[in-house]
$ cat final_21.txt   # compact mmCIF, C-alpha atoms and all ligand atoms
# COMPACT_ATOMS: atom_id res chain seq x y z
CA MET A 1 -59.98 154.55 -23.16
CA ASN A 2 -61.02 152.54 -20.15
CA ASN A 3 -58.07 150.25 -19.62
CA SER A 4 -59.19 148.45 -16.45
CA ASP A 5 -58.71 145.14 -18.24
CA VAL A 6 -55.21 145.95 -19.48
CA THR A 7 -52.77 143.02 -19.45
CA GLY A 8 -48.97 143.03 -19.76
CA THR A 9 -46.71 145.53 -18.01
CA LEU A 10 -48.55 148.67 -17.02
CA ASP A 11 -46.86 152.05 -17.00
CA THR A 12 -48.31 152.75 -13.52
CA LEU A 13 -50.40 150.80 -11.05
CA ILE A 14 -52.26 152.80 -8.39
CA ILE A 15 -53.24 150.78 -5.34
CA GLY A 16 -56.20 152.50 -3.66
CA GLY A 17 -58.98 154.35 -5.46
CA GLY A 18 -60.03 156.89 -2.82
CA GLN A 19 -59.75 160.63 -3.44
CA ALA A 20 -55.93 160.44 -3.61
CA GLY A 21 -55.82 157.61 -6.18
CA LEU A 22 -58.57 159.20 -8.29
CA ALA A 23 -56.94 162.65 -8.33
CA LEU A 24 -53.70 161.04 -9.48
CA GLY A 25 -55.65 159.11 -12.10
CA TYR A 26 -56.98 162.41 -13.47
CA TYR A 27 -53.46 163.75 -13.99
CA LEU A 28 -52.09 160.50 -15.46
CA LYS A 29 -55.02 160.38 -17.87
CA ALA A 30 -54.22 163.93 -18.94
CA GLN A 31 -50.69 162.69 -19.75
CA ASP A 32 -52.19 159.82 -21.77
CA ARG A 33 -50.45 157.25 -19.55
CA THR A 34 -51.39 153.57 -19.33
CA PHE A 35 -52.44 152.96 -15.76
CA LEU A 36 -54.85 151.04 -13.61
CA ILE A 37 -56.41 151.83 -10.23
CA LEU A 38 -57.09 148.81 -8.00
CA ASP A 39 -59.36 149.24 -5.00
CA ALA A 40 -60.40 146.82 -2.29
CA SER A 41 -63.93 148.22 -1.88
CA PRO A 42 -66.89 147.07 -3.95
CA ARG A 43 -67.77 150.67 -4.94
CA THR A 44 -65.76 153.82 -5.50
CA GLY A 45 -66.39 156.16 -2.55
CA ASP A 46 -66.85 153.35 -0.02
CA ALA A 47 -64.15 154.69 2.31
CA TRP A 48 -66.51 157.64 2.90
CA ARG A 49 -69.76 155.69 2.54
CA GLN A 50 -68.72 153.36 5.39
CA ARG A 51 -68.23 156.17 7.93
CA TRP A 52 -70.96 156.91 10.48
CA ASP A 53 -74.42 157.85 9.21
CA SER A 54 -74.59 161.47 10.41
CA LEU A 55 -71.04 162.46 9.35
CA ARG A 56 -70.68 165.75 7.52
CA VAL A 57 -67.30 167.01 6.41
CA PHE A 58 -65.66 169.97 8.12
CA THR A 59 -64.37 171.31 4.84
CA PRO A 60 -66.80 173.46 2.84
CA ALA A 61 -67.85 172.24 -0.61
CA LYS A 62 -65.80 175.00 -2.28
CA TYR A 63 -62.66 173.14 -1.13
CA ASP A 64 -63.87 169.55 -1.54
CA GLY A 65 -63.59 169.16 -5.32
CA LEU A 66 -60.86 167.17 -7.07
CA PRO A 67 -59.10 168.47 -10.21
CA GLY A 68 -61.39 169.21 -13.11
CA LEU A 69 -64.71 168.90 -11.27
CA PRO A 70 -65.97 171.31 -8.59
CA PHE A 71 -68.01 169.72 -5.80
CA PRO A 72 -71.66 170.09 -6.86
CA ALA A 73 -73.08 171.78 -3.74
CA ASP A 74 -73.50 175.24 -2.27
CA ARG A 75 -69.93 176.49 -1.83
CA LEU A 76 -70.37 177.26 1.86
CA SER A 77 -72.19 174.01 2.72
CA PHE A 78 -70.65 170.94 4.35
CA PRO A 79 -71.50 167.80 2.35
CA SER A 80 -72.58 164.57 4.01
CA LYS A 81 -70.26 161.55 3.80
CA ASP A 82 -72.64 159.96 1.25
CA GLU A 83 -72.50 163.08 -0.91
CA VAL A 84 -68.69 162.87 -0.86
CA ALA A 85 -68.87 159.15 -1.73
CA GLY A 86 -71.29 159.87 -4.59
CA TYR A 87 -69.08 162.68 -5.84
CA LEU A 88 -66.04 160.36 -5.97
CA GLU A 89 -67.99 157.65 -7.77
CA GLY A 90 -69.26 160.24 -10.26
CA TYR A 91 -65.73 161.62 -10.64
CA ALA A 92 -64.31 158.23 -11.68
CA ALA A 93 -67.14 157.82 -14.19
CA ARG A 94 -66.92 161.40 -15.53
CA PHE A 95 -63.23 161.04 -16.42
CA ASP A 96 -63.56 157.35 -17.36
CA LEU A 97 -60.83 156.43 -14.92
CA PRO A 98 -59.77 152.77 -15.10
CA VAL A 99 -60.80 151.57 -11.63
CA LEU A 100 -61.07 147.90 -10.79
CA ASN A 101 -63.02 147.44 -7.54
CA GLY A 102 -63.08 144.45 -5.20
CA VAL A 103 -59.32 143.88 -5.46
CA ARG A 104 -57.43 144.00 -2.15
CA ILE A 105 -53.74 143.66 -2.94
CA ASP A 106 -52.22 141.33 -0.36
CA HIS A 107 -48.66 141.23 -1.69
CA LEU A 108 -46.55 143.83 -3.46
CA TRP A 109 -42.97 143.07 -4.44
CA ARG A 110 -40.27 144.09 -6.89
CA GLU A 111 -38.19 141.95 -9.23
CA ASP A 112 -35.47 143.68 -11.25
CA ASP A 113 -37.14 146.92 -12.35
CA ARG A 114 -40.75 145.69 -12.30
CA PHE A 115 -43.36 145.65 -9.57
CA PHE A 116 -45.81 142.82 -9.02
CA ALA A 117 -49.06 143.13 -7.08
CA ALA A 118 -51.13 140.09 -6.21
CA CYS A 119 -54.64 139.37 -4.91
CA ASN A 120 -56.27 135.94 -4.70
CA GLY A 121 -54.07 134.36 -7.33
CA ARG A 122 -54.42 137.32 -9.75
CA ARG A 123 -51.35 139.37 -10.50
CA TRP A 124 -50.55 142.75 -12.06
CA GLU A 125 -47.16 143.93 -13.31
CA ALA A 126 -46.06 147.57 -13.60
CA HIS A 127 -43.05 149.84 -14.06
CA ASN A 128 -44.33 152.23 -11.37
CA VAL A 129 -46.52 151.66 -8.34
CA VAL A 130 -48.33 154.28 -6.28
CA VAL A 131 -49.57 153.22 -2.85
CA ALA A 132 -52.67 155.36 -2.18
CA THR A 133 -54.34 153.21 0.45
CA GLY A 134 -55.17 156.08 2.82
CA CYS A 135 -54.05 156.90 6.32
CA SER A 136 -56.92 155.25 8.15
CA GLN A 137 -55.89 151.71 7.30
CA ALA A 138 -56.00 149.90 10.62
CA PRO A 139 -57.98 150.90 13.72
CA LYS A 140 -55.75 151.68 16.70
CA ILE A 141 -57.19 150.18 19.91
CA PRO A 142 -55.26 149.76 23.19
CA ASP A 143 -54.33 146.17 24.06
CA PHE A 144 -56.23 146.34 27.34
CA ALA A 145 -59.51 146.53 25.37
CA ALA A 146 -59.32 142.72 25.17
CA GLU A 147 -59.72 142.57 28.98
CA LEU A 148 -63.14 144.28 28.99
CA ASP A 149 -66.00 142.14 30.25
CA PRO A 150 -67.61 140.47 27.20
CA ALA A 151 -70.95 141.90 28.38
CA VAL A 152 -69.65 145.38 27.48
CA VAL A 153 -70.39 146.27 23.85
CA GLN A 154 -67.24 147.74 22.34
CA PHE A 155 -66.11 148.81 18.90
CA HIS A 156 -63.84 151.29 17.12
CA SER A 157 -65.11 154.56 15.62
CA SER A 158 -64.56 153.05 12.14
CA GLU A 159 -67.33 150.54 12.96
CA TYR A 160 -69.70 153.11 14.49
CA ARG A 161 -72.75 153.92 12.37
CA ASN A 162 -75.42 155.20 14.80
CA PRO A 163 -76.58 154.88 18.43
CA GLY A 164 -78.76 151.89 17.46
CA GLN A 165 -75.63 149.70 17.77
CA LEU A 166 -75.45 150.37 21.53
CA GLN A 167 -77.08 148.46 24.34
CA GLU A 168 -78.88 150.24 27.15
CA GLY A 169 -76.74 151.87 29.82
CA PRO A 170 -73.89 154.36 29.93
CA VAL A 171 -71.43 154.82 27.08
CA LEU A 172 -67.74 155.53 27.38
CA VAL A 173 -66.21 157.27 24.36
CA VAL A 174 -62.42 157.02 24.50
CA GLY A 175 -60.52 159.78 22.71
CA LEU A 176 -61.22 163.51 22.61
CA GLY A 177 -60.46 164.22 18.97
CA ASN A 178 -63.06 165.30 16.44
CA SER A 179 -64.47 161.77 16.00
CA GLY A 180 -64.77 161.31 19.76
CA ALA A 181 -66.44 164.70 20.23
CA GLU A 182 -68.94 164.21 17.37
CA ILE A 183 -69.81 160.63 18.28
CA GLY A 184 -69.94 161.50 22.00
CA LEU A 185 -72.43 164.31 21.36
CA GLU A 186 -74.58 162.06 19.18
CA VAL A 187 -74.78 159.14 21.61
CA SER A 188 -75.39 161.48 24.56
CA ARG A 189 -78.88 162.17 23.16
CA SER A 190 -79.91 158.60 23.98
CA HIS A 191 -77.35 157.35 26.55
CA PRO A 192 -75.54 158.81 29.58
CA THR A 193 -72.10 159.50 28.14
CA VAL A 194 -68.58 159.81 29.52
CA LEU A 195 -65.84 161.08 27.22
CA ALA A 196 -62.27 160.26 28.23
CA GLY A 197 -59.26 162.04 26.81
CA LYS A 198 -56.89 164.93 26.84
CA PRO A 199 -58.33 168.00 25.08
CA GLY A 200 -56.13 169.15 22.19
CA GLY A 201 -57.61 172.66 21.80
CA GLU A 202 -60.46 173.91 19.64
CA ILE A 203 -60.84 176.33 16.77
CA PRO A 204 -61.82 179.75 18.14
CA VAL A 205 -64.94 180.26 16.01
CA LYS A 206 -68.31 178.59 15.54
CA HIS A 207 -68.15 176.12 12.65
CA GLY A 208 -70.68 176.85 9.88
CA PRO A 209 -71.24 178.91 6.71
CA THR A 210 -69.83 182.11 8.27
CA ALA A 211 -66.65 180.26 9.24
CA ALA A 212 -66.57 178.79 5.72
CA ARG A 213 -66.61 182.31 4.30
CA TYR A 214 -64.11 184.07 6.58
CA PHE A 215 -62.16 181.68 8.82
CA LEU A 216 -61.74 178.38 6.96
CA PRO A 217 -59.97 180.08 4.00
CA VAL A 218 -57.25 181.05 6.51
CA VAL A 219 -57.11 177.48 7.86
CA ARG A 220 -56.87 176.16 4.30
CA PHE A 221 -54.08 178.60 3.43
CA VAL A 222 -52.09 177.61 6.52
CA GLY A 223 -52.71 173.89 5.92
CA LEU A 224 -51.70 174.07 2.26
CA HIS A 225 -49.00 176.73 2.13
CA VAL A 226 -47.57 177.43 5.60
CA LEU A 227 -47.42 174.07 7.36
CA THR A 228 -45.41 172.26 4.69
CA LEU A 229 -42.20 170.24 4.62
CA ASN A 230 -40.59 173.31 3.04
CA SER A 231 -41.09 175.53 6.08
CA PRO A 232 -39.33 175.19 9.46
CA ILE A 233 -42.69 175.51 11.28
CA GLY A 234 -44.18 172.81 9.05
CA ARG A 235 -41.28 170.41 9.62
CA LYS A 236 -41.61 170.99 13.35
CA ALA A 237 -45.36 170.35 13.31
CA ALA A 238 -45.30 167.30 11.02
CA PRO A 239 -44.49 164.54 13.57
CA SER A 240 -47.29 165.65 15.91
CA PHE A 241 -49.91 165.20 13.19
CA LYS A 242 -49.68 161.44 13.61
CA THR A 243 -49.58 161.42 17.39
CA HIS A 244 -51.80 164.30 18.56
CA ALA A 245 -55.53 164.85 18.12
CA ALA A 246 -56.45 167.81 15.90
CA PRO A 247 -58.21 170.76 17.57
CA LEU A 248 -61.95 170.31 17.92
CA ILE A 249 -63.65 171.86 14.91
CA ARG A 250 -67.45 171.58 15.03
CA THR A 251 -68.28 170.07 18.43
CA LYS A 252 -66.56 172.01 21.21
CA SER A 253 -66.19 171.25 24.91
CA LYS A 254 -69.02 173.69 25.78
CA ASP A 255 -71.38 171.75 23.45
CA LEU A 256 -70.41 168.53 25.21
CA ALA A 257 -70.96 170.10 28.63
CA ALA A 258 -74.35 171.49 27.56
CA ALA A 259 -75.38 168.00 26.42
CA GLY A 260 -74.45 166.54 29.81
CA VAL A 261 -71.38 164.64 28.56
CA ARG A 262 -69.03 164.03 31.49
CA LEU A 263 -65.36 164.59 30.61
CA THR A 264 -62.68 162.49 32.33
CA PRO A 265 -58.93 162.08 31.95
CA ARG A 266 -57.52 159.30 29.77
CA VAL A 267 -58.45 155.67 30.39
CA ALA A 268 -55.42 153.93 31.89
CA GLY A 269 -56.47 150.28 31.65
CA VAL A 270 -59.10 147.71 32.60
CA GLU A 271 -59.85 146.34 36.06
CA SER A 272 -62.50 143.73 36.90
CA GLY A 273 -63.62 143.91 33.29
CA LEU A 274 -64.31 147.67 33.38
CA PRO A 275 -62.34 150.69 32.14
CA VAL A 276 -60.30 152.41 34.85
CA LEU A 277 -58.69 155.85 35.11
CA ALA A 278 -55.14 156.44 36.35
CA ASP A 279 -56.48 157.45 39.81
CA GLY A 280 -58.24 154.06 40.15
CA THR A 281 -61.77 155.31 39.30
CA LEU A 282 -63.75 152.50 37.68
CA LEU A 283 -66.13 153.56 34.89
CA GLU A 284 -69.26 151.46 35.15
CA VAL A 285 -70.34 151.56 31.53
CA SER A 286 -72.19 149.16 29.23
CA ASN A 287 -70.67 150.39 25.96
CA VAL A 288 -67.23 151.58 24.87
CA ILE A 289 -66.47 153.33 21.58
CA TRP A 290 -62.75 153.58 20.84
CA CYS A 291 -62.17 156.90 19.04
CA THR A 292 -58.46 156.29 19.31
CA GLY A 293 -57.43 156.81 15.73
CA PHE A 294 -55.69 154.68 13.14
CA ARG A 295 -52.27 153.22 12.47
CA ASP A 296 -50.51 152.57 9.20
CA ASP A 297 -50.56 149.04 7.84
CA PHE A 298 -48.19 148.27 5.01
CA SER A 299 -47.79 144.62 6.05
CA TRP A 300 -48.83 143.53 2.55
CA MET A 301 -45.76 145.23 1.01
CA ASP A 302 -42.36 143.58 0.70
CA PRO A 303 -40.50 144.80 3.83
CA ALA A 304 -37.50 145.68 1.64
CA MET A 305 -39.54 148.63 0.33
CA LEU A 306 -40.13 150.00 3.86
CA ASP A 307 -38.02 151.22 6.75
CA GLY A 308 -37.25 149.33 9.98
CA ASP A 309 -40.65 150.35 11.39
CA ALA A 310 -42.43 149.04 8.27
CA LEU A 311 -43.19 152.61 7.17
CA PRO A 312 -42.50 154.32 3.84
CA ARG A 313 -39.05 155.82 3.26
CA GLN A 314 -40.19 158.71 1.11
CA ARG A 315 -40.02 162.41 0.50
CA ARG A 316 -43.15 164.08 -0.77
CA GLY A 317 -44.43 160.69 -1.88
CA VAL A 318 -41.33 159.62 -3.82
CA ALA A 319 -39.69 156.52 -2.30
CA LEU A 320 -36.10 157.30 -1.40
CA ASP A 321 -34.46 154.04 -2.40
CA THR A 322 -36.95 152.11 -4.50
CA PRO A 323 -37.14 153.71 -7.95
CA GLY A 324 -40.66 153.57 -9.35
CA LEU A 325 -42.35 153.37 -5.94
CA PHE A 326 -44.57 156.25 -4.77
CA PHE A 327 -46.98 157.03 -1.95
CA LEU A 328 -49.96 159.38 -1.87
CA GLY A 329 -52.56 160.48 0.69
CA GLN A 330 -50.43 159.87 3.77
CA GLU A 331 -50.68 162.19 6.77
CA PHE A 332 -48.42 165.22 6.17
CA MET A 333 -47.07 163.77 2.92
CA TYR A 334 -46.14 167.33 2.04
CA ALA A 335 -48.41 169.61 4.06
CA ALA A 336 -50.87 169.62 6.92
CA ALA A 337 -53.70 169.36 4.36
CA SER A 338 -52.17 166.39 2.51
CA ALA A 339 -54.60 163.76 3.82
CA THR A 340 -57.72 165.88 3.27
CA LEU A 341 -59.92 166.71 0.28
CA PRO A 342 -58.45 170.24 -0.09
CA GLY A 343 -54.91 168.81 -0.16
CA ALA A 344 -55.45 165.84 -2.47
CA SER A 345 -55.18 167.61 -5.83
CA ARG A 346 -51.89 169.39 -5.29
CA ASP A 347 -50.08 166.30 -3.99
CA ALA A 348 -51.47 164.24 -6.88
CA ARG A 349 -50.37 166.85 -9.45
CA TYR A 350 -46.88 166.92 -7.98
CA LEU A 351 -46.60 163.13 -7.97
CA ALA A 352 -47.90 162.81 -11.53
CA ALA A 353 -44.96 164.97 -12.61
CA GLN A 354 -42.48 162.73 -10.74
CA ILE A 355 -43.61 159.34 -12.05
CA PRO A 356 -41.25 158.48 -14.89
CA VAL A 357 -42.53 157.41 -18.27
CA PRO A 358 -41.06 153.87 -18.43
CA SER A 359 -39.23 154.25 -21.73
CA ARG A 360 -37.56 157.44 -20.45
CA ARG A 361 -36.38 155.69 -17.31
CA VAL A 362 -34.96 152.76 -19.25
CA ALA A 363 -33.24 155.22 -21.61
CA ALA A 364 -31.85 157.25 -18.67
CA ARG A 365 -30.44 154.10 -17.10
CA ALA A 366 -28.85 153.04 -20.41
CA ALA A 367 -27.17 156.45 -20.66
CA THR A 368 -25.47 156.20 -17.24
P1 LIG A 401 -59.08 156.47 1.48
O1 LIG A 401 -60.25 157.32 1.26
O2 LIG A 401 -58.96 155.72 2.77
O3 LIG A 401 -59.00 155.46 0.24
C1 LIG A 401 -58.06 154.43 0.22
C2 LIG A 401 -58.63 153.34 -0.65
O4 LIG A 401 -57.65 152.31 -0.72
C3 LIG A 401 -59.89 152.70 -0.06
O5 LIG A 401 -60.92 152.79 -1.01
C4 LIG A 401 -59.48 151.25 0.23
O6 LIG A 401 -60.51 150.34 -0.12
C5 LIG A 401 -58.29 151.06 -0.69
N1 LIG A 401 -57.32 150.09 -0.20
C6 LIG A 401 -56.75 150.02 1.03
N2 LIG A 401 -55.87 149.00 1.08
C7 LIG A 401 -55.88 148.41 -0.15
C8 LIG A 401 -55.19 147.32 -0.73
N3 LIG A 401 -54.28 146.60 -0.05
N4 LIG A 401 -55.46 146.98 -2.03
C9 LIG A 401 -56.37 147.70 -2.75
N5 LIG A 401 -57.05 148.76 -2.24
C10 LIG A 401 -56.81 149.11 -0.96
N6 LIG A 401 -61.04 165.17 5.12
C11 LIG A 401 -61.55 166.35 4.70
O7 LIG A 401 -61.04 166.93 3.76
N7 LIG A 401 -62.65 166.90 5.30
C12 LIG A 401 -63.28 166.28 6.33
O8 LIG A 401 -64.22 166.82 6.91
C13 LIG A 401 -62.80 164.99 6.77
N8 LIG A 401 -63.44 164.30 7.72
C14 LIG A 401 -62.99 163.06 8.07
C15 LIG A 401 -63.69 162.33 9.02
C16 LIG A 401 -63.25 161.08 9.40
C17 LIG A 401 -64.02 160.31 10.44
C18 LIG A 401 -62.09 160.52 8.82
C19 LIG A 401 -61.58 159.15 9.23
C20 LIG A 401 -61.39 161.23 7.87
C21 LIG A 401 -61.82 162.52 7.47
N9 LIG A 401 -61.13 163.26 6.53
C22 LIG A 401 -61.63 164.47 6.13
C23 LIG A 401 -59.79 162.84 6.03
C24 LIG A 401 -59.65 162.33 4.60
O9 LIG A 401 -60.25 163.15 3.66
C25 LIG A 401 -60.06 160.90 4.43
O10 LIG A 401 -59.41 160.02 5.33
C26 LIG A 401 -59.87 160.37 2.99
O11 LIG A 401 -60.75 159.29 2.88
C27 LIG A 401 -58.44 159.96 2.56
O12 LIG A 401 -58.42 159.67 1.16
P2 LIG A 401 -57.41 158.61 0.53
O13 LIG A 401 -57.76 158.45 -0.89
O14 LIG A 401 -56.02 158.96 0.88
O15 LIG A 401 -57.71 157.27 1.35
$ encode --input "final_21.txt" --output "structure tokens"
Amino acid sequence: MNNSDVTGTLDTLIIGGGQAGLALGYYLKAQDRTFLILDASPRTGDAWRQRWDSLRVFTPAKYDGLPGLPFPADRLSFPSKDEVAGYLEGYAARFDLPVLNGVRIDHLWREDDRFFAACNGRRWEAHNVVVATGCSQAPKIPDFAAELDPAVVQFHSSEYRNPGQLQEGPVLVVGLGNSGAEIGLEVSRSHPTVLAGKPGGEIPVKHGPTAARYFLPVVRFVGLHVLTLNSPIGRKAAPSFKTHAAPLIRTKSKDLAAAGVRLTPRVAGVESGLPVLADGTLLEVSNVIWCTGFRDDFSWMDPAMLDGDALPRQRRGVALDTPGLFFLGQEFMYAAASATLPGASRDARYLAAQIPVPSRRVAARAAT
């Protein structure tokens, strides 16, 4: 049954229909639950579709499938972002998941034991809500970006598509994570490029099919089974996942050097309308691309459901003091791989087993 036009109180409302929301939908469907997935984008897969044109995933196809449907590509290949988007769209159709696109929830609140989600005067009511809105919700850009000379073209990596967006002249890429390294290498083919940031290490092998066969299985095992909230090393590593850039995976510092990309320390601010380093060096550039990551944005949720920093109070996706509220797809929700394609299925399967069937919850409450 496609129940995207269900009215009345839903068993479960999933907000966000990316890979996390869809994987959860698969498991809820298998339980024959009444649920609805609401997504802000016009088309399923848009979160991937809207990333830059040349993006290919780091994770081989053999690890990119969601439950019930292997990724349809050579197992050792690295799909393009459009192939991932197409796969997700096909996934929703294949399992007839009830996805309603074009709905950006702007208010979520709770009254008694029901949740209400609203968008443009429309409203949905549910016993359980799962927030699966991803961990790249709001671009993080330093405040001093506003002081750049308006003649400098600047945008965040989430808005970067290809070098055609740049004007002539040098480019500064800020941030030496994987996005910064990949975008820096690409723009260096047409523009003199400076890349500013603190290197966070690199994987010790060349990325490609051989790594997919021998090395990435080890990375996947560590990301899924070693670095978890159940292990001391995982608990120690978890906070740094939000604050530190991941090691460089495909584009390494030697590739950047070979392409003539100049590496500099972090940008400290703006002076006379231009980016400046801590030692006072002005970077005379015409373009700036902020590859400075993302921050969480739950401003559309009732603050009573969040902690003092407006972040989820949860353990493994289960809200600690709001019964019926769940989160999925967040960075290190349970393991290092939680916010990636290889980690989506396990977290979704776990959460599907935690979400109470409404009648059982009402009965449990009556019995206490
Ligand atoms: P998203 O894909 O972000 O989906 C969330 C959905 O929620 C979106 O469709 C959005 O429209 C919707 N939404 C948001 N707010 C609302 C709202 N208020 N109301 C309704 N809907 C809303 N992972 C890998 O496994 N391999 C890779 O190689 C890889 N490369 C990456 C490269 C980049 C540049 C980035 C940014 C991420 C990469 N990832 C990779 C990480 C990860 O797989 C993605 O971020 C993934 O898209 C997360 O899936 P998700 O479902 O949690 O969130």
$ atom_distance --input "final_21.txt" --atom1 "CA of Ala336 (chain A)" --atom2 "CA of Thr228 (chain A)"
6.5 Å
$ residues_around --input "final_21.txt" --residues "Thr44 (chain A)" --least-positions-apart "5" --cutoff "9 Å" --atoms "all atoms listed in the file" --output "PyMOL selection string"
chain A and resi 17-18+39+85-86+88-90+92+99+101
$ residues_near_ligand --input "final_21.txt" --ligand "ligand LIG 401 (chain A)" --cutoff "8 Å" --atoms "all atoms listed in the file" --output "NGL selection string"
:A and (15-22 or 38-41 or 44-48 or 51-52 or 55-59 or 64 or 102-107 or 132-137 or 157-158 or 178-179 or 300 or 328-330 or 337 or 339-344)
$ residues_around --input "final_21.txt" --residues "Gln314 (chain A)" --least-positions-apart "3" --cutoff "12 Å" --atoms "all atoms listed in the file" --output "PyMOL selection string"
chain A and resi 130-131+305-307+311+317-328+330+332-334+351
$ atom_distance --input "final_21.txt" --atom1 "CA of Gly175 (chain A)" --atom2 "CA of Gly65 (chain A)"
29.7 Å
$ residues_around --input "final_21.txt" --residues "region 284-295 of chain A" --least-positions-apart "4" --cutoff "7 Å" --atoms "only C-alpha atoms" --output "ChimeraX atom specification"
/A:136-141,152-157,166-167,169-175,179-180,274
$ closest_residue --input "final_21.txt" --among "A:Asp53, A:Asp279, A:Asp113, A:Asp302" --to "Glu83 (chain A)" --atoms "only C-alpha atoms"
A:Asp53
